[in-house]
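Okay, query_7.pdb now, which holds PDB, C-alpha atoms, pLDDT in the B column:
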MODEL        1
ATOM      1  CA  MET H   1     -49.347 -22.923 151.068  1.00 72.00           C
ATOM      2  CA  LEU H   2     -50.354 -19.628 152.659  1.00 81.00           C
ATOM      3  CA  LEU H   3     -46.773 -18.417 152.416  1.00 81.00           C
ATOM      4  CA  ARG H   4     -46.666 -19.281 148.715  1.00 78.00           C
ATOM      5  CA  CYS H   5     -49.896 -17.393 148.105  1.00 76.00           C
ATOM      6  CA  LEU H   6     -48.511 -14.404 149.957  1.00 79.00           C
ATOM      7  CA  LYS H   7     -45.334 -14.475 147.874  1.00 79.00           C
ATOM      8  CA  ALA H   8     -47.434 -14.610 144.704  1.00 76.00           C
ATOM      9  CA  GLU H   9     -49.433 -11.562 145.856  1.00 74.00           C
ATOM     10  CA  LEU H  10     -46.224  -9.695 146.609  1.00 78.00           C
ATOM     11  CA  LEU H  11     -44.901 -10.499 143.142  1.00 77.00           C
ATOM     12  CA  LYS H  12     -48.034  -8.986 141.607  1.00 76.00           C
ATOM     13  CA  CYS H  13     -47.393  -5.814 143.605  1.00 76.00           C
ATOM     14  CA  ARG H  14     -44.023  -5.171 142.031  1.00 74.00           C
ATOM     15  CA  ARG H  15     -44.078  -2.196 139.679  1.00 70.00           C
ATOM     16  CA  SER H  16     -47.832  -1.998 140.022  1.00 73.00           C
ATOM     17  CA  PRO H  17     -49.509   1.374 139.322  1.00 75.00           C
ATOM     18  CA  VAL H  18     -51.599   0.884 142.469  1.00 73.00           C
ATOM     19  CA  TRP H  19     -48.696   2.267 144.505  1.00 74.00           C
ATOM     20  CA  LEU H  20     -49.352   5.664 142.948  1.00 75.00           C
ATOM     21  CA  ALA H  21     -52.323   5.871 145.313  1.00 73.00           C
ATOM     22  CA  PHE H  22     -49.909   5.545 148.239  1.00 73.00           C
ATOM     23  CA  LEU H  23     -47.668   8.251 146.803  1.00 75.00           C
ATOM     24  CA  VAL H  24     -50.304  10.814 145.823  1.00 79.00           C
ATOM     25  CA  LEU H  25     -53.349  10.443 148.099  1.00 78.00           C
ATOM     26  CA  PRO H  26     -51.463  10.734 151.440  1.00 81.00           C
ATOM     27  CA  LEU H  27     -50.160  14.162 150.396  1.00 84.00           C
ATOM     28  CA  PHE H  28     -53.547  15.869 150.316  1.00 85.00           C
ATOM     29  CA  PRO H  29     -54.602  15.578 154.009  1.00 86.00           C
ATOM     30  CA  PRO H  30     -51.388  17.095 155.433  1.00 88.00           C
ATOM     31  CA  ILE H  31     -51.378  19.897 152.873  1.00 89.00           C
ATOM     32  CA  LEU H  32     -55.032  20.796 153.425  1.00 88.00           C
ATOM     33  CA  GLY H  33     -54.869  20.183 157.163  1.00 87.00           C
ATOM     34  CA  THR H  34     -51.700  22.182 157.736  1.00 89.00           C
ATOM     35  CA  PHE H  35     -52.938  25.194 155.788  1.00 90.00           C
ATOM     36  CA  ASN H  36     -56.210  25.065 157.693  1.00 89.00           C
ATOM     37  CA  TYR H  37     -54.299  24.843 160.975  1.00 88.00           C
ATOM     38  CA  LEU H  38     -52.053  27.792 160.128  1.00 89.00           C
ATOM     39  CA  GLY H  39     -55.041  29.839 159.031  1.00 88.00           C
ATOM     40  CA  ASN H  40     -56.899  29.319 162.302  1.00 86.00           C
ATOM     41  CA  LEU H  41     -54.203  29.494 164.974  1.00 83.00           C
ATOM     42  CA  GLU H  42     -56.358  31.735 167.147  1.00 84.00           C
ATOM     43  CA  VAL H  43     -58.858  28.894 167.485  1.00 84.00           C
ATOM     44  CA  LEU H  44     -56.649  25.843 167.004  1.00 82.00           C
ATOM     45  CA  ASP H  45     -54.318  26.533 169.918  1.00 79.00           C
ATOM     46  CA  SER H  46     -53.512  22.981 171.087  1.00 83.00           C
ATOM     47  CA  SER H  47     -50.413  22.604 168.877  1.00 89.00           C
ATOM     48  CA  TRP H  48     -49.956  18.917 167.950  1.00 91.00           C
ATOM     49  CA  TYR H  49     -53.489  17.954 168.992  1.00 92.00           C
ATOM     50  CA  SER H  50     -55.071  20.639 166.842  1.00 91.00           C
ATOM     51  CA  LEU H  51     -52.872  19.765 163.880  1.00 92.00           C
ATOM     52  CA  TRP H  52     -53.761  16.082 164.247  1.00 93.00           C
ATOM     53  CA  THR H  53     -57.498  16.743 164.014  1.00 91.00           C
ATOM     54  CA  GLN H  54     -56.987  18.791 160.856  1.00 89.00           C
ATOM     55  CA  HIS H  55     -54.916  16.050 159.243  1.00 88.00           C
ATOM     56  CA  VAL H  56     -56.958  13.047 160.283  1.00 90.00           C
ATOM     57  CA  LEU H  57     -60.445  14.426 159.641  1.00 82.00           C
ATOM     58  CA  PHE H  58     -59.553  14.743 155.981  1.00 78.00           C
ATOM     59  CA  ALA H  59     -57.713  11.429 155.895  1.00 85.00           C
ATOM     60  CA  SER H  60     -60.190   9.203 157.756  1.00 85.00           C
ATOM     61  CA  LEU H  61     -63.268  10.514 155.931  1.00 81.00           C
ATOM     62  CA  PHE H  62     -62.102  10.735 152.332  1.00 82.00           C
ATOM     63  CA  PHE H  63     -58.572   9.781 151.397  1.00 86.00           C
ATOM     64  CA  LEU H  64     -57.751   6.762 153.546  1.00 90.00           C
ATOM     65  CA  PRO H  65     -60.948   4.759 152.801  1.00 90.00           C
ATOM     66  CA  ALA H  66     -60.488   5.517 149.101  1.00 88.00           C
ATOM     67  CA  GLN H  67     -56.800   4.592 149.263  1.00 89.00           C
ATOM     68  CA  LEU H  68     -57.514   1.237 150.913  1.00 92.00           C
ATOM     69  CA  GLY H  69     -60.446   0.718 148.556  1.00 91.00           C
ATOM     70  CA  VAL H  70     -58.187   1.180 145.535  1.00 90.00           C
ATOM     71  CA  PHE H  71     -55.659  -1.303 146.890  1.00 90.00           C
ATOM     72  CA  CYS H  72     -58.281  -3.967 147.696  1.00 92.00           C
ATOM     73  CA  ALA H  73     -60.059  -3.529 144.363  1.00 90.00           C
ATOM     74  CA  TRP H  74     -56.765  -3.887 142.526  1.00 88.00           C
ATOM     75  CA  GLN H  75     -55.971  -7.160 144.326  1.00 87.00           C
ATOM     76  CA  TRP H  76     -59.051  -8.850 142.868  1.00 87.00           C
ATOM     77  CA  ARG H  77     -58.949  -6.914 139.606  1.00 82.00           C
ATOM     78  CA  LEU H  78     -56.276  -9.193 138.135  1.00 77.00           C
ATOM     79  CA  GLU H  79     -58.392 -12.273 138.844  1.00 77.00           C
ATOM     80  CA  HIS H  80     -61.446 -10.662 137.234  1.00 76.00           C
ATOM     81  CA  THR H  81     -59.686  -9.868 133.942  1.00 75.00           C
ATOM     82  CA  ASP H  82     -59.032 -12.098 130.920  1.00 61.00           C
ATOM     83  CA  HIS H  83     -59.047 -15.799 131.835  1.00 61.00           C
ATOM     84  CA  ASN H  84     -57.349 -15.389 135.195  1.00 66.00           C
ATOM     85  CA  TRP H  85     -60.471 -16.403 137.119  1.00 67.00           C
ATOM     86  CA  ASN H  86     -60.533 -19.860 135.555  1.00 66.00           C
ATOM     87  CA  SER H  87     -56.816 -20.247 136.233  1.00 67.00           C
ATOM     88  CA  LEU H  88     -57.339 -19.234 139.840  1.00 66.00           C
ATOM     89  CA  MET H  89     -60.190 -21.654 140.458  1.00 66.00           C
ATOM     90  CA  THR H  90     -58.309 -24.592 138.966  1.00 67.00           C
ATOM     91  CA  MET H  91     -55.160 -24.062 141.010  1.00 68.00           C
ATOM     92  CA  PRO H  92     -54.421 -26.691 143.722  1.00 70.00           C
ATOM     93  CA  VAL H  93     -54.539 -24.015 146.400  1.00 74.00           C
ATOM     94  CA  PRO H  94     -57.122 -23.742 149.204  1.00 81.00           C
ATOM     95  CA  VAL H  95     -59.314 -20.687 148.681  1.00 82.00           C
ATOM     96  CA  ARG H  96     -58.858 -19.965 152.370  1.00 86.00           C
ATOM     97  CA  ASP H  97     -55.166 -19.328 151.790  1.00 86.00           C
ATOM     98  CA  LEU H  98     -55.897 -17.114 148.785  1.00 85.00           C
ATOM     99  CA  CYS H  99     -58.213 -14.907 150.823  1.00 89.00           C
ATOM    100  CA  LEU H 100     -55.918 -14.806 153.836  1.00 92.00           C
ATOM    101  CA  ALA H 101     -52.938 -13.854 151.675  1.00 90.00           C
ATOM    102  CA  LYS H 102     -54.856 -10.905 150.258  1.00 91.00           C
ATOM    103  CA  LEU H 103     -55.988  -9.896 153.747  1.00 94.00           C
ATOM    104  CA  ILE H 104     -52.421 -10.033 155.091  1.00 94.00           C
ATOM    105  CA  LEU H 105     -51.171  -7.929 152.199  1.00 92.00           C
ATOM    106  CA  SER H 106     -53.998  -5.448 152.766  1.00 93.00           C
ATOM    107  CA  ALA H 107     -53.117  -5.317 156.462  1.00 94.00           C
ATOM    108  CA  GLY H 108     -49.589  -4.403 155.391  1.00 92.00           C
ATOM    109  CA  ALA H 109     -51.066  -1.649 153.229  1.00 91.00           C
ATOM    110  CA  SER H 110     -52.959  -0.346 156.280  1.00 93.00           C
ATOM    111  CA  VAL H 111     -49.707  -0.273 158.264  1.00 94.00           C
ATOM    112  CA  LEU H 112     -47.989   1.542 155.401  1.00 91.00           C
ATOM    113  CA  ALA H 113     -50.814   4.071 155.163  1.00 91.00           C
ATOM    114  CA  GLN H 114     -50.610   4.853 158.871  1.00 93.00           C
ATOM    115  CA  GLY H 115     -46.842   5.130 158.612  1.00 92.00           C
ATOM    116  CA  CYS H 116     -47.224   7.711 155.849  1.00 91.00           C
ATOM    117  CA  ILE H 117     -49.789   9.632 157.895  1.00 92.00           C
ATOM    118  CA  GLY H 118     -47.519   9.649 160.931  1.00 93.00           C
ATOM    119  CA  ALA H 119     -44.410  10.693 159.006  1.00 93.00           C
ATOM    120  CA  LEU H 120     -46.186  13.499 157.137  1.00 92.00           C
ATOM    121  CA  PHE H 121     -47.765  14.652 160.401  1.00 93.00           C
ATOM    122  CA  LEU H 122     -44.331  15.014 162.004  1.00 94.00           C
ATOM    123  CA  VAL H 123     -42.942  16.838 158.976  1.00 93.00           C
ATOM    124  CA  SER H 124     -45.953  19.168 158.826  1.00 92.00           C
ATOM    125  CA  GLY H 125     -45.738  19.969 162.519  1.00 92.00           C
ATOM    126  CA  THR H 126     -42.056  20.820 162.209  1.00 92.00           C
ATOM    127  CA  LEU H 127     -42.675  23.053 159.187  1.00 91.00           C
ATOM    128  CA  ALA H 128     -45.585  24.696 161.015  1.00 89.00           C
ATOM    129  CA  GLY H 129     -43.214  25.661 163.821  1.00 88.00           C
ATOM    130  CA  ILE H 130     -44.587  23.425 166.575  1.00 89.00           C
ATOM    131  CA  SER H 131     -41.789  23.048 169.118  1.00 87.00           C
ATOM    132  CA  VAL H 132     -43.532  21.361 172.059  1.00 89.00           C
ATOM    133  CA  PRO H 133     -42.966  17.607 172.626  1.00 90.00           C
ATOM    134  CA  LEU H 134     -44.939  15.114 170.583  1.00 92.00           C
ATOM    135  CA  PRO H 135     -48.131  13.907 172.340  1.00 92.00           C
ATOM    136  CA  PRO H 136     -47.684  10.560 174.125  1.00 92.00           C
ATOM    137  CA  GLU H 137     -50.865   9.310 172.426  1.00 93.00           C
ATOM    138  CA  PHE H 138     -49.304   9.579 168.974  1.00 95.00           C
ATOM    139  CA  TRP H 139     -48.393   5.896 168.593  1.00 95.00           C
ATOM    140  CA  ASN H 140     -51.743   4.894 170.080  1.00 94.00           C
ATOM    141  CA  TRP H 141     -53.541   6.851 167.347  1.00 95.00           C
ATOM    142  CA  LEU H 142     -51.561   5.102 164.630  1.00 95.00           C
ATOM    143  CA  PHE H 143     -51.917   1.625 166.155  1.00 96.00           C
ATOM    144  CA  PHE H 144     -55.685   1.697 166.508  1.00 96.00           C
ATOM    145  CA  GLY H 145     -56.031   3.453 163.175  1.00 94.00           C
ATOM    146  CA  THR H 146     -54.201   0.493 161.671  1.00 95.00           C
ATOM    147  CA  LEU H 147     -56.608  -1.961 163.318  1.00 96.00           C
ATOM    148  CA  GLY H 148     -59.578   0.010 162.028  1.00 95.00           C
ATOM    149  CA  GLY H 149     -58.007   0.042 158.574  1.00 95.00           C
ATOM    150  CA  ILE H 150     -57.601  -3.743 158.578  1.00 96.00           C
ATOM    151  CA  SER H 151     -61.307  -4.255 159.258  1.00 96.00           C
ATOM    152  CA  VAL H 152     -62.104  -1.833 156.432  1.00 96.00           C
ATOM    153  CA  CYS H 153     -59.769  -3.800 154.138  1.00 96.00           C
ATOM    154  CA  ALA H 154     -61.538  -7.072 154.973  1.00 96.00           C
ATOM    155  CA  VAL H 155     -64.897  -5.542 154.036  1.00 96.00           C
ATOM    156  CA  GLN H 156     -63.477  -3.938 150.893  1.00 96.00           C
ATOM    157  CA  LEU H 157     -61.898  -7.217 149.785  1.00 95.00           C
ATOM    158  CA  PHE H 158     -65.293  -8.895 149.975  1.00 96.00           C
ATOM    159  CA  PHE H 159     -66.944  -6.177 147.885  1.00 95.00           C
ATOM    160  CA  SER H 160     -64.057  -6.272 145.410  1.00 93.00           C
ATOM    161  CA  LEU H 161     -64.430 -10.041 145.088  1.00 91.00           C
ATOM    162  CA  VAL H 162     -68.184 -10.015 144.517  1.00 91.00           C
ATOM    163  CA  ILE H 163     -68.315  -6.918 142.284  1.00 90.00           C
ATOM    164  CA  GLN H 164     -66.372  -7.647 139.092  1.00 83.00           C
ATOM    165  CA  ALA H 165     -65.489  -4.039 138.394  1.00 85.00           C
ATOM    166  CA  PHE H 166     -62.831  -1.724 139.745  1.00 86.00           C
ATOM    167  CA  ALA H 167     -64.668   1.546 140.378  1.00 89.00           C
ATOM    168  CA  PRO H 168     -67.746   0.469 142.433  1.00 92.00           C
ATOM    169  CA  PRO H 169     -65.784  -0.979 145.391  1.00 91.00           C
ATOM    170  CA  VAL H 170     -63.644   2.168 145.499  1.00 91.00           C
ATOM    171  CA  ALA H 171     -66.812   4.264 145.537  1.00 93.00           C
ATOM    172  CA  ILE H 172     -68.162   2.097 148.364  1.00 94.00           C
ATOM    173  CA  GLY H 173     -65.020   2.828 150.370  1.00 91.00           C
ATOM    174  CA  LEU H 174     -65.373   6.567 149.833  1.00 90.00           C
ATOM    175  CA  ILE H 175     -69.075   6.569 150.679  1.00 92.00           C
ATOM    176  CA  GLY H 176     -68.407   4.350 153.683  1.00 92.00           C
ATOM    177  CA  GLY H 177     -65.915   6.856 155.062  1.00 88.00           C
ATOM    178  CA  ILE H 178     -68.438   9.682 154.782  1.00 88.00           C
ATOM    179  CA  LEU H 179     -71.187   7.567 156.333  1.00 90.00           C
ATOM    180  CA  GLY H 180     -68.758   6.696 159.116  1.00 87.00           C
ATOM    181  CA  LEU H 181     -68.839  10.298 160.320  1.00 84.00           C
ATOM    182  CA  LEU H 182     -72.637  10.354 160.302  1.00 87.00           C
ATOM    183  CA  VAL H 183     -72.893   7.052 162.150  1.00 90.00           C
ATOM    184  CA  THR H 184     -70.328   8.170 164.715  1.00 86.00           C
ATOM    185  CA  SER H 185     -72.197  11.416 165.340  1.00 84.00           C
ATOM    186  CA  GLN H 186     -75.276   9.344 166.182  1.00 86.00           C
ATOM    187  CA  GLY H 187     -73.364   7.340 168.764  1.00 86.00           C
ATOM    188  CA  TRP H 188     -73.174   4.100 166.738  1.00 89.00           C
ATOM    189  CA  GLY H 189     -69.579   4.398 165.581  1.00 88.00           C
ATOM    190  CA  TYR H 190     -68.389   1.142 167.118  1.00 93.00           C
ATOM    191  CA  ALA H 191     -71.011  -0.764 165.125  1.00 92.00           C
ATOM    192  CA  PHE H 192     -69.898   0.462 161.684  1.00 94.00           C
ATOM    193  CA  PRO H 193     -66.585  -0.689 160.145  1.00 93.00           C
ATOM    194  CA  TYR H 194     -65.717   2.560 158.397  1.00 93.00           C
ATOM    195  CA  SER H 195     -66.234   4.492 161.633  1.00 93.00           C
ATOM    196  CA  LEU H 196     -63.456   2.478 163.260  1.00 94.00           C
ATOM    197  CA  LEU H 197     -60.885   4.435 161.266  1.00 91.00           C
ATOM    198  CA  CYS H 198     -62.148   7.746 162.607  1.00 90.00           C
ATOM    199  CA  ILE H 199     -62.569   6.425 166.152  1.00 93.00           C
ATOM    200  CA  GLY H 200     -59.262   4.560 166.280  1.00 93.00           C
ATOM    201  CA  MET H 201     -57.333   7.617 165.111  1.00 93.00           C
ATOM    202  CA  ARG H 202     -59.347   9.875 167.427  1.00 92.00           C
ATOM    203  CA  ALA H 203     -60.065  12.207 164.524  1.00 87.00           C
ATOM    204  CA  ASN H 204     -62.722  14.242 166.332  1.00 84.00           C
ATOM    205  CA  ASP H 205     -61.026  14.384 169.715  1.00 87.00           C
ATOM    206  CA  PRO H 206     -57.356  13.332 170.083  1.00 89.00           C
ATOM    207  CA  THR H 207     -57.711  13.214 173.877  1.00 88.00           C
ATOM    208  CA  MET H 208     -60.752  10.924 173.775  1.00 89.00           C
ATOM    209  CA  GLU H 209     -60.478   7.727 175.799  1.00 89.00           C
ATOM    210  CA  LEU H 210     -61.036   4.796 173.472  1.00 92.00           C
ATOM    211  CA  ASP H 211     -63.649   2.267 174.574  1.00 92.00           C
ATOM    212  CA  LEU H 212     -61.289  -0.620 174.020  1.00 94.00           C
ATOM    213  CA  VAL H 213     -63.555  -3.685 174.248  1.00 95.00           C
ATOM    214  CA  PRO H 214     -66.234  -2.536 171.773  1.00 95.00           C
ATOM    215  CA  PHE H 215     -63.568  -1.278 169.379  1.00 96.00           C
ATOM    216  CA  LEU H 216     -61.531  -4.482 169.363  1.00 96.00           C
ATOM    217  CA  LEU H 217     -64.626  -6.675 169.255  1.00 96.00           C
ATOM    218  CA  SER H 218     -66.111  -4.756 166.323  1.00 96.00           C
ATOM    219  CA  ALA H 219     -62.820  -4.769 164.394  1.00 96.00           C
ATOM    220  CA  LEU H 220     -62.410  -8.506 164.982  1.00 97.00           C
ATOM    221  CA  VAL H 221     -65.994  -9.363 164.035  1.00 97.00           C
ATOM    222  CA  TYR H 222     -65.949  -7.376 160.798  1.00 97.00           C
ATOM    223  CA  THR H 223     -62.564  -8.794 159.816  1.00 97.00           C
ATOM    224  CA  VAL H 224     -63.533 -12.397 160.537  1.00 97.00           C
ATOM    225  CA  VAL H 225     -67.044 -12.192 159.063  1.00 97.00           C
ATOM    226  CA  ALA H 226     -65.990 -10.386 155.874  1.00 97.00           C
ATOM    227  CA  THR H 227     -63.091 -12.793 155.326  1.00 96.00           C
ATOM    228  CA  GLY H 228     -65.363 -15.762 156.033  1.00 95.00           C
ATOM    229  CA  LEU H 229     -67.882 -14.484 153.471  1.00 95.00           C
ATOM    230  CA  SER H 230     -65.109 -14.120 150.896  1.00 93.00           C
ATOM    231  CA  ILE H 231     -63.937 -17.687 151.511  1.00 91.00           C
ATOM    232  CA  ARG H 232     -67.497 -18.983 151.351  1.00 91.00           C
ATOM    233  CA  PHE H 233     -68.137 -17.104 148.102  1.00 90.00           C
ATOM    234  CA  LEU H 234     -65.064 -18.625 146.493  1.00 85.00           C
ATOM    235  CA  GLN H 235     -65.931 -22.116 147.712  1.00 82.00           C
ATOM    236  CA  ARG H 236     -69.342 -21.874 146.046  1.00 81.00           C
ATOM    237  CA  ARG H 237     -68.003 -20.233 142.884  1.00 67.00           C
ATOM    238  CA  ASP H 238     -67.340 -22.535 139.963  1.00 55.00           C
ATOM    239  CA  VAL H 239     -65.204 -22.083 136.881  1.00 45.00           C
ATOM    240  CA  THR H 240     -67.061 -19.846 134.450  1.00 46.00           C
ATOM    241  CA  ALA H 241     -67.089 -20.048 130.681  1.00 40.00           C
ATOM    242  CA  GLU H 242     -65.463 -17.100 128.943  1.00 43.00           C
TER     243      GLU H 242
ENDMDL
END
Would you kindly transcribe this structure into structure tokens?
Amino acid sequence: MLLRCLKAELLKCRRSPVWLAFLVLPLFPPILGTFNYLGNLEVLDSSWYSLWTQHVLFASLFFLPAQLGVFCAWQWRLEHTDHNWNSLMTMPVPVRDLCLAKLILSAGASVLAQGCIGALFLVSGTLAGISVPLPPEFWNWLFFGTLGGISVCAVQLFFSLVIQAFAPPVAIGLIGGILGLLVTSQGWGYAFPYSLLCIGMRANDPTMELDLVPFLLSALVYTVVATGLSIRFLQRRDVTAE
């Protein structure tokens, strides 16, 4: 049943305007970051590492949380419009599978987002004239950024389920990304889901050693708890008159 739900979610994605967010938003961080890098070469002298901080600071604080927020809000948007909610609640499908299918699809979106960031980073570095070998930590940045993004998606899916409007959950994602920087600066980054993006991608310090256990534990807890709350909300939700 989970596989059928996932196939249904994939069908809804075809020709959806939500993919415009994955075509447009990823372009801004590399453009802004690369120009900032080229304009401050006397200070940013660590080649790939310096370029990475310029790219990812923009991405992890503003664009990536908003991008994932748009995708998660869109997934529940179709159920919140017209009479789709009643149709959903009367389907012979476990709500657990519905929520898990959306989470899996969102996890795929997180992987896609990191892939775009990595590809544009390589292109930008080449255009900027960086000729030294790629840092060995590059794939590590993308992997843990993906894990942080999945936990953010789980939280955003819950907000998008509870709030029957498109814009507020997206705004929550954007605000969460900004708050993530503030929380991280206070030393509480591992306790806040939106900070996991910044920490996992090592946005402030590419050479930072990741505290693996707290990171993985926090990402797992937020993903499981947020998904559990979504399932519980749906189990208690009844068909509504429209």
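Of note, atom CA of Ser131 of chain H and atom CA of Leu57 of chain H are spaced 22.6 Å apart.
Within 12 Å of the point (-48.5, 1.2, 142.9), counting all atoms listed in the file, the protein and nucleic acid residues come to H:Leu10, H:Lys12, H:Cys13, H:Arg14, H:Arg15, H:Ser16, H:Pro17, H:Val18, H:Trp19, H:Leu20, H:Ala21, H:Phe22, H:Leu23, H:Val24, H:Leu25, H:Gln67, H:Val70, H:Phe71, H:Trp74, H:Gln75, H:Ala109.
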Restricting to only C-alpha atoms, whichever of H:Tyr49, H:Trp139, H:Tyr194, H:Phe144 is closest to Leu68 of chain H is H:Tyr194
Do you know which residues the PyMOL selection byres ((chain H and resi 156) around 8) returns on this file, as a ChimeraX atom specification?
/H:68-69,72-73,152-155,157-160,169,173
Let me see the file: selected residues, C-alpha atoms, as a PDB file, keeping the file's coordinate frame.
ATOM      1  CA  LEU H  68     -57.514   1.237 150.913  1.00 92.00           C
ATOM      2  CA  GLY H  69     -60.446   0.718 148.556  1.00 91.00           C
ATOM      3  CA  CYS H  72     -58.281  -3.967 147.696  1.00 92.00           C
ATOM      4  CA  ALA H  73     -60.059  -3.529 144.363  1.00 90.00           C
ATOM      5  CA  VAL H 152     -62.104  -1.833 156.432  1.00 96.00           C
ATOM      6  CA  CYS H 153     -59.769  -3.800 154.138  1.00 96.00           C
ATOM      7  CA  ALA H 154     -61.538  -7.072 154.973  1.00 96.00           C
ATOM      8  CA  VAL H 155     -64.897  -5.542 154.036  1.00 96.00           C
ATOM      9  CA  LEU H 157     -61.898  -7.217 149.785  1.00 95.00           C
ATOM     10  CA  PHE H 158     -65.293  -8.895 149.975  1.00 96.00           C
ATOM     11  CA  PHE H 159     -66.944  -6.177 147.885  1.00 95.00           C
ATOM     12  CA  SER H 160     -64.057  -6.272 145.410  1.00 93.00           C
ATOM     13  CA  PRO H 169     -65.784  -0.979 145.391  1.00 91.00           C
ATOM     14  CA  GLY H 173     -65.020   2.828 150.370  1.00 91.00           C
TER      15      GLY H 173
END
Would you list the contacts of Gln235 of chain H as a CSV table (one decimal) with C-alpha atoms, in the frame of the given file, taking every protein, DNA or RNA residue within 9 Å and counting all atoms listed in the file, but skipping same-chain residues closer than 3 positions in sequence?
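Result saved to around.csv:
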chain,number,residue,atom,x,y,z
H,95,VAL,CA,-59.3,-20.7,148.7
H,96,ARG,CA,-58.9,-20.0,152.4
H,230,SER,CA,-65.1,-14.1,150.9
H,231,ILE,CA,-63.9,-17.7,151.5
H,232,ARG,CA,-67.5,-19.0,151.4
H,238,ASP,CA,-67.3,-22.5,140.0
Counting only C-alpha atoms, the residue among H:Asn140, H:Gln164, H:Ile175, H:Leu147 that lies closest to Leu210 of chain H is H:Asn140
With distances taken over only C-alpha atoms, the candidate from H:Ala165, H:Leu120, H:Leu196, H:Ala191 nearest Trp52 of chain H is H:Leu120
**Asked** So how far away is atom CA of Met201 of chain H from atom CA of Ile31 of chain H, in Å?
**Response**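 We find that atom CA of Ile31 of chain H and atom CA of Met201 of chain H lie 18.3 Å from each other.
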Practice task
Pick out the residues sitting within 8 Å of Val183 of chain H, and hand them over as a PyMOL selection string; count all atoms listed in the file, and ignore anything fewer than 6 positions along from it in its own chain.
Solution key: chain H and resi 189+192+195
Item to check | Residues matched by the PyMOL selection byres ((chain H and resi 46) around 12), written as a PyMOL selection string | outcome: chain H and resi 37+40-45+47-54+125+130-135+205-207
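Closest approach to Phe121 of chain H among H:Arg4, H:Arg236, H:Arg202, H:His55 is made by H:His55 (distances from all atoms listed in the file).
Taking atom CA of Leu6 of chain H as the reference point, atom CA of Trp76 of chain H is found at 13.9 Å.
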- Query: Between H:Ala8, H:Gly129, H:Phe58, H:Leu122, which has the minimum distance to Leu38 of chain H (counting only C-alpha atoms)?
  - Reply: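 Once distances to Leu38 of chain H are computed over only C-alpha atoms, the minimum belongs to H:Gly129.
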Of H:Asn36, H:Ile199, H:Phe166, H:Ala113, the one nearest to Ser185 of chain H when counting only C-alpha atoms is H:Ile199
Residues returned when the PyMOL selection byres ((chain H and resi 221) around 12) runs on this file, as a list in words: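 Evaluating the PyMOL selection byres ((chain H and resi 221) around 12) on these coordinates yields Leu147, Gly148, Ile150, Ser151, Val152, Ala154, Val155, Tyr190, Ala191, Phe192, Pro193, Val213, Pro214, Phe215, Leu216, Leu217, Ser218, Ala219, Leu220, Tyr222, Thr223, Val224, Val225, Ala226, Thr227, Gly228 and Leu229 of chain H.
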Return as JSON the box centre and box size in Å, one decimal, for an axis-aligned box around all listed atoms of segment 198-217 of chain H padded by 3 Å per side.
{"center_x": -61.8, "center_y": 3.9, "center_z": 169.2, "size_x": 14.9, "size_y": 27.1, "size_z": 19.2}
Would you list the contacts of Ile178 of chain H as a PDB file with C-alpha atoms, keeping the file's coordinate frame, taking every protein, DNA or RNA residue within 8 Å and counting all atoms listed in the file, but skipping same-chain residues closer than 3 positions in sequence?
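Written out: part23.pdb:
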ATOM      1  CA  LEU H  61     -63.268  10.514 155.931  1.00 81.00           C
ATOM      2  CA  PHE H  62     -62.102  10.735 152.332  1.00 82.00           C
ATOM      3  CA  LEU H 174     -65.373   6.567 149.833  1.00 90.00           C
ATOM      4  CA  ILE H 175     -69.075   6.569 150.679  1.00 92.00           C
ATOM      5  CA  LEU H 181     -68.839  10.298 160.320  1.00 84.00           C
ATOM      6  CA  LEU H 182     -72.637  10.354 160.302  1.00 87.00           C
TER       7      LEU H 182
END
